[in-house]
>>> print(open('structure.txt').read())   # compact mmCIF, C-alpha atoms (C1' of nucleotides)
# COMPACT_ATOMS: atom_id res chain seq x y z
CA MET A 21 -132.58 -117.93 19.36
CA PRO A 22 -128.78 -118.28 19.29
CA PHE A 23 -127.14 -118.49 15.88
CA SER A 24 -123.45 -118.65 14.97
CA ILE A 25 -121.27 -118.40 11.89
CA ALA A 26 -117.62 -119.46 11.77
CA THR A 27 -114.94 -118.67 9.18
CA TRP A 28 -111.61 -120.48 8.76
CA ASN A 29 -108.90 -120.57 6.12
CA ILE A 30 -108.13 -124.28 6.39
CA ASN A 31 -105.24 -124.57 3.87
CA SER A 32 -106.33 -127.98 2.48
CA VAL A 33 -109.64 -129.35 3.72
CA ARG A 34 -108.66 -132.95 3.01
CA LEU A 35 -105.41 -132.82 4.98
CA ARG A 36 -107.07 -131.07 7.93
CA MET A 37 -110.48 -132.75 7.96
CA PRO A 38 -109.76 -134.34 11.40
CA LEU A 39 -109.08 -130.86 12.84
CA VAL A 40 -112.26 -129.51 11.23
CA ALA A 41 -114.33 -132.38 12.68
CA GLN A 42 -112.90 -131.74 16.15
CA PHE A 43 -113.62 -128.02 15.79
CA LEU A 44 -117.23 -128.67 14.73
CA ALA A 45 -117.77 -131.10 17.63
CA ASP A 46 -116.36 -128.63 20.16
CA TYR A 47 -117.95 -125.38 18.95
CA GLN A 48 -120.95 -126.46 16.87
CA PRO A 49 -121.38 -123.33 14.77
CA ASP A 50 -124.59 -123.33 12.72
CA VAL A 51 -122.60 -122.48 9.62
CA LEU A 52 -118.89 -122.82 8.79
CA CYS A 53 -117.26 -121.00 5.88
CA LEU A 54 -113.93 -122.47 4.72
CA GLN A 55 -111.31 -120.96 2.44
CA GLU A 56 -108.30 -122.46 0.66
CA THR A 57 -109.90 -125.87 0.50
CA LYS A 58 -107.48 -126.82 -2.33
CA CYS A 59 -109.91 -129.52 -3.37
CA PRO A 60 -111.83 -130.23 -6.59
CA ASP A 61 -115.57 -130.58 -5.95
CA ASP A 62 -115.67 -134.31 -6.76
CA LEU A 63 -113.06 -135.00 -4.06
CA PHE A 64 -114.64 -132.87 -1.32
CA PRO A 65 -114.97 -134.86 1.94
CA LEU A 66 -118.78 -134.74 2.00
CA SER A 67 -119.29 -137.84 4.13
CA ALA A 68 -116.99 -136.58 6.87
CA PHE A 69 -119.05 -133.41 7.13
CA ARG A 70 -122.27 -135.43 7.09
CA LYS A 71 -120.91 -137.58 9.91
CA ALA A 72 -120.16 -134.40 11.88
CA GLY A 73 -123.77 -133.29 11.50
CA TYR A 74 -123.16 -130.81 8.69
CA GLU A 75 -125.32 -132.25 5.93
CA HIS A 76 -125.81 -129.09 3.92
CA VAL A 77 -122.84 -128.16 1.78
CA ALA A 78 -122.12 -125.60 -0.92
CA ILE A 79 -118.71 -125.83 -2.60
CA SER A 80 -116.71 -123.98 -5.20
CA GLY A 81 -113.40 -125.79 -5.53
CA GLN A 82 -110.62 -126.29 -8.03
CA LYS A 83 -107.53 -128.47 -8.25
CA GLY A 84 -104.54 -127.42 -6.18
CA TYR A 85 -105.35 -123.82 -5.38
CA HIS A 86 -107.90 -121.57 -3.70
CA GLY A 87 -111.44 -122.93 -3.22
CA VAL A 88 -114.24 -122.04 -0.78
CA ALA A 89 -116.92 -124.12 0.93
CA THR A 90 -119.88 -123.30 3.17
CA VAL A 91 -121.27 -126.11 5.34
CA ALA A 92 -124.25 -126.02 7.70
CA ARG A 93 -126.42 -127.99 10.07
CA ARG A 94 -129.52 -126.43 8.53
CA PRO A 95 -130.53 -126.06 4.89
CA ILE A 96 -128.63 -123.55 2.79
CA GLU A 97 -129.47 -122.45 -0.69
CA ILE A 98 -126.72 -121.55 -3.13
CA VAL A 99 -127.14 -118.05 -4.51
CA GLU A 100 -124.02 -117.46 -6.60
CA LYS A 101 -120.48 -118.61 -7.31
CA ARG A 102 -119.02 -115.41 -8.64
CA ARG A 103 -115.76 -115.38 -10.59
CA PHE A 104 -114.10 -112.12 -9.65
CA CYS A 105 -111.66 -110.64 -12.17
CA ASP A 106 -113.07 -113.09 -14.71
CA ASN A 107 -110.15 -115.51 -14.37
CA GLY A 108 -111.76 -118.78 -13.26
CA ASP A 109 -110.39 -118.74 -9.69
CA CYS A 110 -112.80 -120.18 -7.10
CA ARG A 111 -112.76 -117.43 -4.50
CA HIS A 112 -116.39 -116.65 -3.72
CA LEU A 113 -119.61 -118.37 -2.81
CA SER A 114 -122.87 -116.94 -1.48
CA VAL A 115 -125.80 -118.76 0.11
CA HIS A 116 -129.10 -118.03 1.77
CA VAL A 117 -129.72 -119.40 5.25
CA GLU A 118 -132.80 -118.98 7.44
CA ALA A 119 -132.20 -117.91 11.05
CA GLY A 120 -135.21 -117.20 13.24
CA SER A 121 -137.60 -114.95 11.37
CA ARG A 122 -134.79 -113.73 9.17
CA ARG A 123 -133.12 -114.75 5.93
CA ILE A 124 -129.37 -114.18 5.79
CA LEU A 125 -127.40 -113.69 2.58
CA LEU A 126 -123.97 -115.07 3.49
CA HIS A 127 -120.90 -114.32 1.35
CA ASN A 128 -117.76 -116.46 1.72
CA PHE A 129 -114.62 -114.81 0.25
CA TYR A 130 -111.00 -115.70 -0.37
CA VAL A 131 -109.23 -112.55 -1.56
CA PRO A 132 -105.91 -113.05 -3.42
CA ALA A 133 -102.83 -112.74 -1.20
CA GLY A 134 -101.09 -110.45 -3.69
CA GLY A 135 -97.52 -111.77 -3.85
CA ASP A 136 -94.49 -110.13 -2.24
CA GLU A 137 -93.87 -106.88 -4.12
CA PRO A 138 -96.43 -104.16 -3.27
CA ASP A 139 -96.24 -102.48 -6.67
CA PRO A 140 -99.05 -103.13 -9.16
CA GLU A 141 -96.80 -101.98 -12.03
CA ILE A 142 -94.31 -104.79 -11.59
CA ASN A 143 -96.31 -107.42 -9.68
CA PRO A 144 -99.40 -108.81 -11.49
CA LYS A 145 -100.52 -110.64 -8.32
CA PHE A 146 -100.71 -107.35 -6.45
CA ARG A 147 -102.56 -105.78 -9.41
CA HIS A 148 -105.00 -108.72 -9.27
CA LYS A 149 -105.56 -108.20 -5.52
CA LEU A 150 -106.31 -104.49 -5.97
CA ASP A 151 -108.65 -105.25 -8.88
CA PHE A 152 -110.41 -107.90 -6.81
CA VAL A 153 -111.02 -105.49 -3.91
CA ALA A 154 -112.24 -102.86 -6.38
CA GLU A 155 -114.74 -105.36 -7.79
CA MET A 156 -115.99 -106.10 -4.26
CA HIS A 157 -117.52 -102.61 -4.35
CA ASP A 158 -120.38 -104.34 -6.21
CA VAL A 159 -121.21 -106.49 -3.16
CA PRO A 160 -123.39 -104.34 -0.91
CA ALA A 161 -124.76 -105.30 2.51
CA LEU A 162 -128.32 -105.90 1.33
CA GLU A 163 -130.91 -105.54 4.06
CA ALA A 164 -134.68 -105.35 4.44
CA ASP A 165 -137.29 -106.16 7.08
CA ASN A 166 -136.57 -109.88 7.04
CA LEU A 167 -133.24 -109.87 5.24
CA SER A 168 -129.70 -109.38 6.53
CA SER A 169 -126.29 -109.88 4.96
CA VAL A 170 -123.05 -111.32 6.31
CA LEU A 171 -119.65 -111.30 4.59
CA VAL A 172 -116.85 -113.47 5.96
CA GLY A 173 -113.58 -114.88 4.83
CA ASP A 174 -109.85 -114.55 4.37
CA LEU A 175 -109.68 -111.04 2.95
CA ASN A 176 -105.85 -110.97 3.17
CA ILE A 177 -105.77 -107.33 4.34
CA ALA A 178 -105.18 -106.09 7.89
CA PRO A 179 -106.76 -102.61 7.84
CA LEU A 180 -106.04 -101.15 11.32
CA GLU A 181 -102.73 -100.38 12.99
CA THR A 182 -103.72 -102.81 15.75
CA ASP A 183 -104.42 -105.53 13.19
CA VAL A 184 -100.68 -106.19 12.80
CA TRP A 185 -97.81 -106.81 15.21
CA SER A 186 -95.96 -103.71 13.99
CA HIS A 187 -97.70 -101.02 11.97
CA LYS A 188 -94.43 -99.27 11.08
CA GLN A 189 -92.59 -102.40 10.05
CA LEU A 190 -95.44 -103.63 7.87
CA LEU A 191 -96.29 -100.39 6.04
CA ASN A 192 -94.51 -101.67 2.94
CA VAL A 193 -95.52 -105.31 3.37
CA VAL A 194 -98.37 -106.73 1.27
CA SER A 195 -101.54 -106.98 3.43
CA HIS A 196 -100.93 -103.71 5.31
CA THR A 197 -99.81 -101.17 2.68
CA PRO A 198 -101.74 -97.86 2.64
CA ILE A 199 -103.08 -98.55 -0.87
CA GLU A 200 -104.60 -101.81 0.37
CA THR A 201 -105.91 -100.62 3.73
CA THR A 202 -107.39 -97.45 2.22
CA SER A 203 -109.19 -99.17 -0.65
CA PHE A 204 -110.28 -101.96 1.70
CA GLU A 205 -111.94 -99.59 4.16
CA ALA A 206 -113.44 -97.54 1.33
CA MET A 207 -114.92 -100.72 -0.16
CA ARG A 208 -116.33 -101.80 3.22
CA ARG A 209 -117.96 -98.42 3.80
CA ALA A 210 -119.26 -98.19 0.22
CA GLY A 211 -121.06 -101.50 0.73
CA ASN A 212 -122.43 -100.32 4.09
CA TRP A 213 -120.72 -103.22 5.89
CA VAL A 214 -120.13 -103.25 9.67
CA ASP A 215 -116.84 -104.73 10.94
CA LEU A 216 -118.28 -107.05 13.61
CA MET A 217 -114.89 -108.15 14.99
CA ARG A 218 -114.05 -104.56 15.82
CA GLN A 219 -117.56 -103.91 17.13
CA ALA A 220 -117.00 -106.67 19.71
CA ILE A 221 -113.27 -106.13 20.36
CA PRO A 222 -112.06 -102.52 20.86
CA PRO A 223 -109.98 -101.21 17.93
CA GLU A 224 -107.25 -100.24 20.42
CA GLU A 225 -106.65 -103.91 21.17
CA LYS A 226 -104.22 -106.01 19.13
CA LEU A 227 -106.10 -108.72 17.28
CA TYR A 228 -104.67 -111.37 14.92
CA THR A 229 -106.09 -114.35 13.03
CA TRP A 230 -102.96 -115.46 11.14
CA TRP A 231 -99.37 -116.26 12.08
CA SER A 232 -96.74 -117.20 9.48
CA TYR A 233 -95.50 -120.78 9.19
CA ARG A 234 -92.01 -119.36 8.91
CA ALA A 235 -91.66 -118.17 12.49
CA GLN A 236 -89.67 -120.58 14.60
CA ASP A 237 -92.00 -119.95 17.55
CA TRP A 238 -95.23 -118.28 16.43
CA ALA A 239 -96.55 -117.75 19.98
CA ALA A 240 -93.33 -116.30 21.41
CA SER A 241 -92.70 -113.88 18.55
CA ASP A 242 -96.46 -113.29 18.11
CA ARG A 243 -96.01 -111.57 14.77
CA GLY A 244 -99.61 -111.95 13.71
CA ARG A 245 -102.02 -110.15 11.42
CA ARG A 246 -105.84 -109.88 11.28
CA LEU A 247 -106.49 -111.16 7.76
CA ASP A 248 -109.83 -112.88 8.41
CA HIS A 249 -112.98 -110.83 8.80
CA VAL A 250 -116.67 -110.94 9.73
CA TRP A 251 -118.91 -108.16 8.42
CA SER A 252 -122.67 -107.69 8.51
CA SER A 253 -125.39 -105.37 7.34
CA PRO A 254 -126.31 -102.64 9.87
CA ASN A 255 -129.60 -104.34 10.72
CA LEU A 256 -127.81 -107.45 12.03
CA SER A 257 -125.05 -105.82 14.07
CA PRO A 258 -127.23 -105.14 17.16
CA ALA A 259 -127.92 -108.89 17.38
CA LEU A 260 -124.21 -109.75 17.74
CA THR A 261 -123.52 -111.30 21.16
CA GLY A 262 -119.84 -112.07 20.73
CA ILE A 263 -116.77 -112.81 18.62
CA LYS A 264 -114.38 -115.65 19.37
CA VAL A 265 -110.93 -115.76 17.77
CA LEU A 266 -109.52 -119.23 18.48
CA ARG A 267 -105.90 -118.21 18.90
CA HIS A 268 -105.04 -121.55 20.50
CA ALA A 269 -105.96 -123.32 17.23
CA ARG A 270 -102.66 -122.08 15.80
CA GLY A 271 -101.00 -124.43 18.29
CA TRP A 272 -102.94 -127.53 17.24
CA GLU A 273 -101.06 -130.39 15.60
CA ARG A 274 -100.28 -129.66 11.93
CA PRO A 275 -102.31 -126.45 12.07
CA SER A 276 -103.52 -124.08 9.41
CA ASP A 277 -101.68 -120.76 9.53
CA HIS A 278 -105.12 -119.14 10.09
CA VAL A 279 -107.37 -119.71 13.13
CA PRO A 280 -111.19 -119.94 13.22
CA VAL A 281 -113.30 -116.88 14.01
CA ILE A 282 -116.83 -117.41 15.35
CA ALA A 283 -119.57 -114.76 15.41
CA SER A 284 -122.54 -115.41 17.70
CA PHE A 285 -125.95 -113.76 17.42
CA ASP A 286 -129.18 -113.66 19.34
CA LEU A 287 -131.99 -113.52 16.80
CA ASP A 288 -135.75 -113.33 17.15
C1' DA B 13 -79.59 -108.50 7.04
C1' DT B 14 -81.68 -112.42 5.31
C1' DG B 15 -84.27 -116.36 5.10
C1' DG B 16 -87.21 -118.67 7.20
C1' DT B 17 -92.32 -123.00 6.19
C1' DC B 18 -96.21 -124.99 4.28
C1' DG B 19 -99.53 -127.84 0.78
C1' DA B 20 -100.47 -129.60 -3.71
C1' DC B 21 -98.46 -131.86 -7.14
C1' DC B 22 -95.10 -133.08 -11.03
C1' DC B 23 -91.31 -129.50 -9.75
C1' DT B 24 -92.69 -125.24 -9.27
C1' DC B 25 -96.45 -122.28 -7.83
C1' DG B 26 -99.06 -119.86 -4.58
C1' DA B 27 -99.27 -118.47 0.01
>>> encode(input="structure.txt", output="structure tokens")
Amino acid sequence: MPFSIATWNINSVRLRMPLVAQFLADYQPDVLCLQETKCPDDLFPLSAFRKAGYEHVAISGQKGYHGVATVARRPIEIVEKRRFCDNGDCRHLSVHVEAGSRRILLHNFYVPAGGDEPDPEINPKFRHKLDFVAEMHDVPALEADNLSSVLVGDLNIAPLETDVWSHKQLLNVVSHTPIETTSFEAMRRAGNWVDLMRQAIPPEEKLYTWWSYRAQDWAASDRGRRLDHVWSSPNLSPALTGIKVLRHARGWERPSDHVPVIASFDLD
DNA sequence: ATGGTCGACCCTCGA
């Protein structure tokens, strides 16, 4: 059976609900993980999702900042809303979802951006980001006979040289500094996670999911970064049939600065 | 070489 999971940093779910509804109608992922919803739970647009056929919703939101939500066409069961770095930010949500004969533990993450100055001694936001990634070491890719794990979200780090428009020019820019990319890859390997985007799309190929709002012509300059990720446990990676990065979504009217990524599987 | 744009919200913060 086909099964698909999408991830999208939406940068205000209320403002962009029409775009989300159009996306769901066009691509119909089984599950959609949103980040930066910027929406308290009591104001979450539940009925719009219900109308779109996504009746099952798990949310962890707060006023003004951050916030994650996982919505699905099939039942999901909330597992945990974990507060990383013990500061009250809503940046994680995990659920169980049944797919074929398998149960999937699905983590939805929004890692702190880290501010502008890539020095943890003088920039507390960068310190927070490094601490957050360090704490993610405790999130392993659990797997068993009928259990797989998936981790998606805006992880705000572009680990490979081909994940940014210019490796050299971004070496000292937050999201691609060696301290971030090294600890990021170490964390991924420690948890036994497989980078499904790079399994499907050769690491030699440039691949971006985010383009700054500040560019005067994002498509022409094409100064993108791969900040959004889809990982799985080793026992799910052979079932991956494809990854779609919806680059054209950056050109939609009043877009998010991130585009959706969809992972498709063929499960028994 | 620098500043450039968003969204939420109470005016500045976070990205």
>>> residues_around(input="structure.txt", residues="Ala283 (chain A)", least_positions_apart="5", cutoff="7 Å", atoms="only C-alpha atoms (C1' of nucleotides)", output="list of chain:residue names")
A:Ser24, A:Ile25, A:Ala26, A:Gly262, A:Ile263, A:Lys264
>>> atom_distance(input="structure.txt", atom1="CA of Ala41 (chain A)", atom2="CA of Ala72 (chain A)")
6.2 Å
>>> closest_residue(input="structure.txt", among="A:Lys149, A:His86, A:Arg246, A:Lys188", to="DA20 (chain B)", atoms="all atoms listed in the file")
A:His86
>>> residues_around(input="structure.txt", residues="DG26 (chain B)", least_positions_apart="2", cutoff="12 Å", atoms="all atoms listed in the file", output="ChimeraX atom specification")
/A:31,56,58,84-86,132-136,145 /B:18-20,24
>>> residues_around(input="structure.txt", residues="DG16 (chain B)", least_positions_apart="5", cutoff="10 Å", atoms="all atoms listed in the file", output="ChimeraX atom specification")
/A:232-236
>>> axis_aligned_box(input="structure.txt", around="region 198-212 of chain A", padding_each_side="4 Å", output="AutoDock Vina command-line options")
--center_x -112.1 --center_y -99.7 --center_z 1.6 --size_x 28.7 --size_y 12.5 --size_z 13.0
>>> closest_residue(input="structure.txt", among="A:Gln82, A:Pro223, A:Gly87, A:Arg93", to="Arg70 (chain A)", atoms="all atoms listed in the file")
A:Arg93
>>> atom_distance(input="structure.txt", atom1="CA of Arg218 (chain A)", atom2="CA of Lys101 (chain A)")
27.8 Å
>>> residues_around(input="structure.txt", residues="Asp158 (chain A)", least_positions_apart="3", cutoff="12 Å", atoms="only C-alpha atoms (C1' of nucleotides)", output="count of residues only")
14
>>> closest_residue(input="structure.txt", among="A:Val91, A:Leu150, A:Met217, A:Leu39", to="Ile199 (chain A)", atoms="only C-alpha atoms")
A:Leu150
>>> residues_near_point(input="structure.txt", point="(-109.3, -130.3, 5.7)", cutoff="12 Å", atoms="all atoms listed in the file", output="CSV table (one decimal) with C-alpha atoms (C1' of nucleotides), in the coordinates of the input")
chain,number,residue,atom,x,y,z
A,28,TRP,CA,-111.6,-120.5,8.8
A,29,ASN,CA,-108.9,-120.6,6.1
A,30,ILE,CA,-108.1,-124.3,6.4
A,31,ASN,CA,-105.2,-124.6,3.9
A,32,SER,CA,-106.3,-128.0,2.5
A,33,VAL,CA,-109.6,-129.4,3.7
A,34,ARG,CA,-108.7,-133.0,3.0
A,35,LEU,CA,-105.4,-132.8,5.0
A,36,ARG,CA,-107.1,-131.1,7.9
A,37,MET,CA,-110.5,-132.8,8.0
A,38,PRO,CA,-109.8,-134.3,11.4
A,39,LEU,CA,-109.1,-130.9,12.8
A,40,VAL,CA,-112.3,-129.5,11.2
A,41,ALA,CA,-114.3,-132.4,12.7
A,42,GLN,CA,-112.9,-131.7,16.2
A,43,PHE,CA,-113.6,-128.0,15.8
A,54,LEU,CA,-113.9,-122.5,4.7
A,55,GLN,CA,-111.3,-121.0,2.4
A,56,GLU,CA,-108.3,-122.5,0.7
A,57,THR,CA,-109.9,-125.9,0.5
A,58,LYS,CA,-107.5,-126.8,-2.3
A,59,CYS,CA,-109.9,-129.5,-3.4
A,63,LEU,CA,-113.1,-135.0,-4.1
A,64,PHE,CA,-114.6,-132.9,-1.3
A,65,PRO,CA,-115.0,-134.9,1.9
A,66,LEU,CA,-118.8,-134.7,2.0
A,68,ALA,CA,-117.0,-136.6,6.9
A,69,PHE,CA,-119.0,-133.4,7.1
A,87,GLY,CA,-111.4,-122.9,-3.2
A,88,VAL,CA,-114.2,-122.0,-0.8
A,89,ALA,CA,-116.9,-124.1,0.9
A,274,ARG,CA,-100.3,-129.7,11.9
A,275,PRO,CA,-102.3,-126.4,12.1
A,276,SER,CA,-103.5,-124.1,9.4
B,19,DG,C1',-99.5,-127.8,0.8
>>> residues_near_point(input="structure.txt", point="(-121.5, -105.9, 9.4)", cutoff="8 Å", atoms="all atoms listed in the file", output="PDB file with C-alpha atoms, keeping the file's coordinate frame")
ATOM      1  CA  ALA A 161    -124.760-105.300   2.510  1.00  0.00           C
ATOM      2  CA  SER A 169    -126.290-109.880   4.960  1.00  0.00           C
ATOM      3  CA  VAL A 170    -123.050-111.320   6.310  1.00  0.00           C
ATOM      4  CA  LEU A 171    -119.650-111.300   4.590  1.00  0.00           C
ATOM      5  CA  ASN A 212    -122.430-100.320   4.090  1.00  0.00           C
ATOM      6  CA  TRP A 213    -120.720-103.220   5.890  1.00  0.00           C
ATOM      7  CA  VAL A 214    -120.130-103.250   9.670  1.00  0.00           C
ATOM      8  CA  ASP A 215    -116.840-104.730  10.940  1.00  0.00           C
ATOM      9  CA  LEU A 216    -118.280-107.050  13.610  1.00  0.00           C
ATOM     10  CA  VAL A 250    -116.670-110.940   9.730  1.00  0.00           C
ATOM     11  CA  TRP A 251    -118.910-108.160   8.420  1.00  0.00           C
ATOM     12  CA  SER A 252    -122.670-107.690   8.510  1.00  0.00           C
ATOM     13  CA  SER A 253    -125.390-105.370   7.340  1.00  0.00           C
ATOM     14  CA  PRO A 254    -126.310-102.640   9.870  1.00  0.00           C
ATOM     15  CA  LEU A 256    -127.810-107.450  12.030  1.00  0.00           C
ATOM     16  CA  SER A 257    -125.050-105.820  14.070  1.00  0.00           C
TER      17      SER A 257
END
>>> residues_around(input="structure.txt", residues="Glu97 (chain A)", least_positions_apart="5", cutoff="10 Å", atoms="all atoms listed in the file", output="list of chain:residue names")
A:His76, A:Val77, A:Ala78, A:Ser114, A:Val115, A:His116, A:Val117, A:Glu118, A:Leu125
>>> atom_distance(input="structure.txt", atom1="CA of Ser80 (chain A)", atom2="CA of Cys110 (chain A)")
5.8 Å
>>> closest_residue(input="structure.txt", among="A:Thr261, A:Gly73, A:Gly271, A:Asp50", to="Ala240 (chain A)", atoms="only C-alpha atoms")
A:Gly271
>>> closest_residue(input="structure.txt", among="A:Asn255, A:Ala92, A:His127, A:Asn176", to="chain B", atoms="only C-alpha atoms (C1' of nucleotides)")
A:Asn176
>>> closest_residue(input="structure.txt", among="A:Leu180, A:Leu227, A:Tyr47, A:Arg122", to="Thr202 (chain A)", atoms="only C-alpha atoms")
A:Leu180
>>> build_atoms(input="structure.txt", residues="region 88-96 of chain A", atoms="all heavy atoms", output="mmCIF file, keeping the file's coordinate frame")
data_model
loop_
_atom_site.group_PDB
_atom_site.id
_atom_site.type_symbol
_atom_site.label_atom_id
_atom_site.label_comp_id
_atom_site.auth_asym_id
_atom_site.auth_seq_id
_atom_site.Cartn_x
_atom_site.Cartn_y
_atom_site.Cartn_z
ATOM 1 N N VAL A 88 -113.454 -122.397 -1.971
ATOM 2 C CA VAL A 88 -114.240 -122.040 -0.780
ATOM 3 C C VAL A 88 -115.370 -123.055 -0.616
ATOM 4 O O VAL A 88 -115.816 -123.668 -1.584
ATOM 5 C CB VAL A 88 -114.823 -120.612 -0.880
ATOM 6 C CG1 VAL A 88 -113.719 -119.568 -0.810
ATOM 7 C CG2 VAL A 88 -115.640 -120.417 -2.159
ATOM 8 N N ALA A 89 -115.808 -123.207 0.635
ATOM 9 C CA ALA A 89 -116.920 -124.120 0.930
ATOM 10 C C ALA A 89 -117.697 -123.563 2.113
ATOM 11 O O ALA A 89 -117.112 -122.989 3.038
ATOM 12 C CB ALA A 89 -116.402 -125.514 1.258
ATOM 13 N N THR A 90 -119.024 -123.711 2.062
ATOM 14 C CA THR A 90 -119.880 -123.300 3.170
ATOM 15 C C THR A 90 -120.702 -124.521 3.591
ATOM 16 O O THR A 90 -121.400 -125.104 2.756
ATOM 17 C CB THR A 90 -120.798 -122.138 2.749
ATOM 18 O OG1 THR A 90 -119.980 -121.016 2.385
ATOM 19 C CG2 THR A 90 -121.724 -121.725 3.883
ATOM 20 N N VAL A 91 -120.571 -124.919 4.849
ATOM 21 C CA VAL A 91 -121.270 -126.110 5.340
ATOM 22 C C VAL A 91 -122.158 -125.716 6.525
ATOM 23 O O VAL A 91 -121.839 -124.788 7.267
ATOM 24 C CB VAL A 91 -120.276 -127.212 5.776
ATOM 25 C CG1 VAL A 91 -119.338 -127.577 4.631
ATOM 26 C CG2 VAL A 91 -119.479 -126.804 7.002
ATOM 27 N N ALA A 92 -123.281 -126.440 6.679
ATOM 28 C CA ALA A 92 -124.250 -126.020 7.700
ATOM 29 C C ALA A 92 -125.037 -127.197 8.241
ATOM 30 O O ALA A 92 -125.159 -128.240 7.596
ATOM 31 C CB ALA A 92 -125.212 -124.984 7.105
ATOM 32 N N ARG A 93 -125.562 -126.981 9.441
ATOM 33 C CA ARG A 93 -126.420 -127.990 10.070
ATOM 34 C C ARG A 93 -127.861 -127.833 9.629
ATOM 35 O O ARG A 93 -128.692 -128.664 9.914
ATOM 36 C CB ARG A 93 -126.332 -127.858 11.596
ATOM 37 C CG ARG A 93 -124.929 -128.068 12.120
ATOM 38 C CD ARG A 93 -124.919 -128.313 13.592
ATOM 39 N NE ARG A 93 -125.245 -127.113 14.340
ATOM 40 C CZ ARG A 93 -125.336 -127.083 15.658
ATOM 41 N NH1 ARG A 93 -125.166 -128.189 16.355
ATOM 42 N NH2 ARG A 93 -125.600 -125.948 16.279
ATOM 43 N N ARG A 94 -128.163 -126.703 9.018
ATOM 44 C CA ARG A 94 -129.520 -126.430 8.530
ATOM 45 C C ARG A 94 -129.444 -126.177 7.034
ATOM 46 O O ARG A 94 -128.364 -125.903 6.516
ATOM 47 C CB ARG A 94 -130.100 -125.226 9.257
ATOM 48 C CG ARG A 94 -129.293 -123.969 9.047
ATOM 49 C CD ARG A 94 -129.897 -122.796 9.793
ATOM 50 N NE ARG A 94 -129.702 -122.924 11.239
ATOM 51 C CZ ARG A 94 -130.364 -122.210 12.131
ATOM 52 N NH1 ARG A 94 -131.266 -121.330 11.739
ATOM 53 N NH2 ARG A 94 -130.127 -122.347 13.412
ATOM 54 N N PRO A 95 -130.565 -126.225 6.340
ATOM 55 C CA PRO A 95 -130.530 -126.060 4.890
ATOM 56 C C PRO A 95 -129.921 -124.729 4.463
ATOM 57 O O PRO A 95 -130.153 -123.700 5.111
ATOM 58 C CB PRO A 95 -132.002 -126.132 4.491
ATOM 59 C CG PRO A 95 -132.643 -126.919 5.578
ATOM 60 C CD PRO A 95 -131.910 -126.548 6.831
ATOM 61 N N ILE A 96 -129.122 -124.769 3.426
ATOM 62 C CA ILE A 96 -128.630 -123.550 2.790
ATOM 63 C C ILE A 96 -128.961 -123.663 1.304
ATOM 64 O O ILE A 96 -129.079 -124.754 0.761
ATOM 65 C CB ILE A 96 -127.119 -123.332 2.998
ATOM 66 C CG1 ILE A 96 -126.323 -124.571 2.571
ATOM 67 C CG2 ILE A 96 -126.804 -122.968 4.422
ATOM 68 C CD1 ILE A 96 -124.825 -124.407 2.695
#
